[in-house]
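To start, the structure under review is shown below, and the notes come after it.
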Amino acid sequence: MYPISYVRESADTLRAGLVARGRDPSAVDRILSLDRERRAAGDEANRLRAERNRATERLAEAAKSSTPPDDADRARLGELRDRIRELESTGSALDGEIRERLLLLPQTPHSSVPHGTGAADNIEVARFEAKRPAPNAPRPHFEVGHELNLLDEERGAKVAGEGFFVLWGDLARLEHALIRFMRELHRSRGYVEVSPPILVNSESMVGTGQLPKFADDSYQVSPDGLWLVPTAEVPVTNLFRDEVLLADDLPLRLVAYTPCFRREAGSHGVETRGIARVHQFDKVELVQFTTPESSYDALEELRTEAEEVLRRLDLPFRTMDLCTGDLGEKAAKCYDLELWAPGSQRWLEVSSVSNFEAYQAVRANIRWRRHQSAKPGPLHTLNASGVALPRLVIAILENYQTADGRVEVPPAVRDEMGGQKFLEPNPFVGEKELGRGRHSRRSSRTPGPATEKP
RNA sequence: GCUGAGGUAGCCUAGCCCGGGAAGGCGCCAGCCUUGAAAGCUGGUGGCGGUUCCGCCACGGGAGUUCAAAUCUCCCCCUCAGCGCCA
């Protein structure tokens with residue numbers, strides 16, 4: 001979000017940013033014209049209030065000295081009150097509409113962002129090949145998961161609904177081991193751990209940009225109207241809403257593990273198999289608060305930090321520099337980290353590394369000051385997944401398969417798994433095998449949409 | 001959830017009963033003094049708009065009464081204490 005003063009001063013920059021994103025630049029002009037209306041109403045109200053205050057002073061003076069009040073003043077004041085109320089109510093209606101429109105203006109892309117219209121124009125800026133040999137004829141994660149009775153979408157659907165899943169036995173253990181591994185990694189590299197609320201109020205959702213535009217993407221809980229967080233970014237960034245940080249506090253590096261909840265409205269029917277797109281998942285998230293001049297250094301640091309997770313797990317991945325047409329609403333620049341899933345023959349986005357510049361700081365009123373007597377101004381916020389779990393689990397199930405149908409535990413988390421080298425099958429299955437209901441009649445070898453190999 | 005007390009500038013506090021220009025202290029900034037610093041003294045120190053100066057807004061948020069609201073009325077939020085409930 002941009003302050004109205006910035007829109008007045010830098011309308012051309014904003015229009016250019018909208019055009020680069022393939023959006024209509026006239027949104028800026030609509031705001032400017034509402035702003036002119038608003039200021040005209042404000043100026044008139046201001047003049048009338050000045051007149052009112054002077055008449056009121058005369059009446060107050062008369063009351064004090066017990067001289068008779070001027071009836072003309074009283075009559076005029078009645079008129080003024082009505083006219084001022086009128087102007088104030090049109091003024092605040094205009095304020096509301098202006099704010100609404102400001103909240104919907106996307107962040108201007110940074111000058112280094114490649115121009116383009118969609119995902120095809122994103123630029124690969126890094127690629128990592130695993131040191132261990134690629135598996136021979138790998139199968140998709142859900143097949144392996146079902147075979148070992150470790151992955152159970154059927155009971156997830158029964159308990160909660162389509163798009164929910166259950167991990168059993170060693171796969172649940174693996175997930176927790178990965179969470180602990182990532183938290184410890186980031187903590188040891190200077191990130192302070194924080195365990196935030198995962199229900200948040202609407203102000204927080206506006207603060208980080210989920211509202212008002214993306215209300216349909218999140219779950220709202222009745223009867224209190226709180227929201228289940230779609231990412232830890234929301235509660236963690238909002239920790240400092242309406243606060244002023246000192247330069248000495250910056251950069252502030254935070255790491256948080258939370259569940260995340262996404263309605264994925266509009267994506268029904270896609271990716272029904274497996275756990276690449278689900279309504280509830282776990283994620284380790286990194287958040288940074290920085291000074292405006294250092295946020296692009298912080299962006300590279302966060303990218304390195306997220307990539308380090310994948311390197312240590314020895315998983316093949318590539319890093320994409322998102323183009324103007326694919327860049328999220330909030331971000332001035334964004335890298336996506338994509339893991340290669342050889343069983344499904346596709347790239348899986350496991351991390352978005354974004355610099356929001358002042359987009360969130362203005363919405364959430366998070367400020368900093370250079371020294372104690374300096375005027376506070378908006379700081380810059382950034383975040384990176386470090387990383388999202390279901391897709392990481394997918395990549396492990398597909399990259400760590402062995403020829404005899406087992407799945408190896410990545411060496412980096414073996415200690416967290418009591419030194420265990422392979423995932424053991426889950427022996428308890430009830431009357432039927434886990435996860436075999438809906439999909440059991442399908443072919444046992446159905447790779448997803450193929451893309452290029454790493 | 002109930003009862004009570006509260007919310008005033010970065011922080012602390014007066015004003016509220018009984019309506020009429022938001023006072024004071026701390027902190028911070030500048031100046032004076034000083035070799036330097038402290039102390040002391042003087043001034044400044046919320047936001048917006050036009051800019052020597054002035055105007056408007058601002059007392060948790062909103063609505064109302066009134067010529068006029070920090071002050072009276074109503075609704076909501078938050079903090080603290082006691083009680084209740086509770087993993």
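In the structure tokens, chains take the letters A, B, ... in the order shown, each chain's residues start at 1, and ligands count up from 1 in the order shown.
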
Residue contacts of stretch 1-7 of chain B (9 Å, only C-alpha atoms (C1' of nucleotides)) excluding same-chain residues fewer than 5 positions away, as a ChimeraX atom specification:
/B:60,78-85

Could you please tell me, as a PyMOL selection string, which residues of chain B have an atom within 12 Å of chain A when using only C-alpha atoms (C1' of nucleotides)?
chain B and resi 10+19-21+27-30+45-46+48-50+54-57+66-68

Residue contacts of A:Gly418 (12 Å, only C-alpha atoms (C1' of nucleotides)) excluding same-chain residues fewer than 5 positions away, as a count of residues only:
9

DSSP strand (DSSP E) selection over stretch 105-142 of chain A, as a ChimeraX atom specification
/A:123-128

Figure out the distance between atom CA of A:Leu286 and atom CA of A:Asp321, please, to one decimal in Å.
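So the two atoms, atom CA of A:Asp321 and atom CA of A:Leu286, lie 18.6 Å apart.
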
How many Å lie between atom CA of A:Asp404 and atom CA of A:Phe128, rounded to one decimal?
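Between these atoms lies a distance of 26.4 Å.
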
Just want the 10 Å neighbourhood of B:U8, counted on only C-alpha atoms (C1' of nucleotides), with same-chain residues fewer than 4 positions away dropped. Output as number ranges by chain.
B: 13-15, 22, 59-60, 70
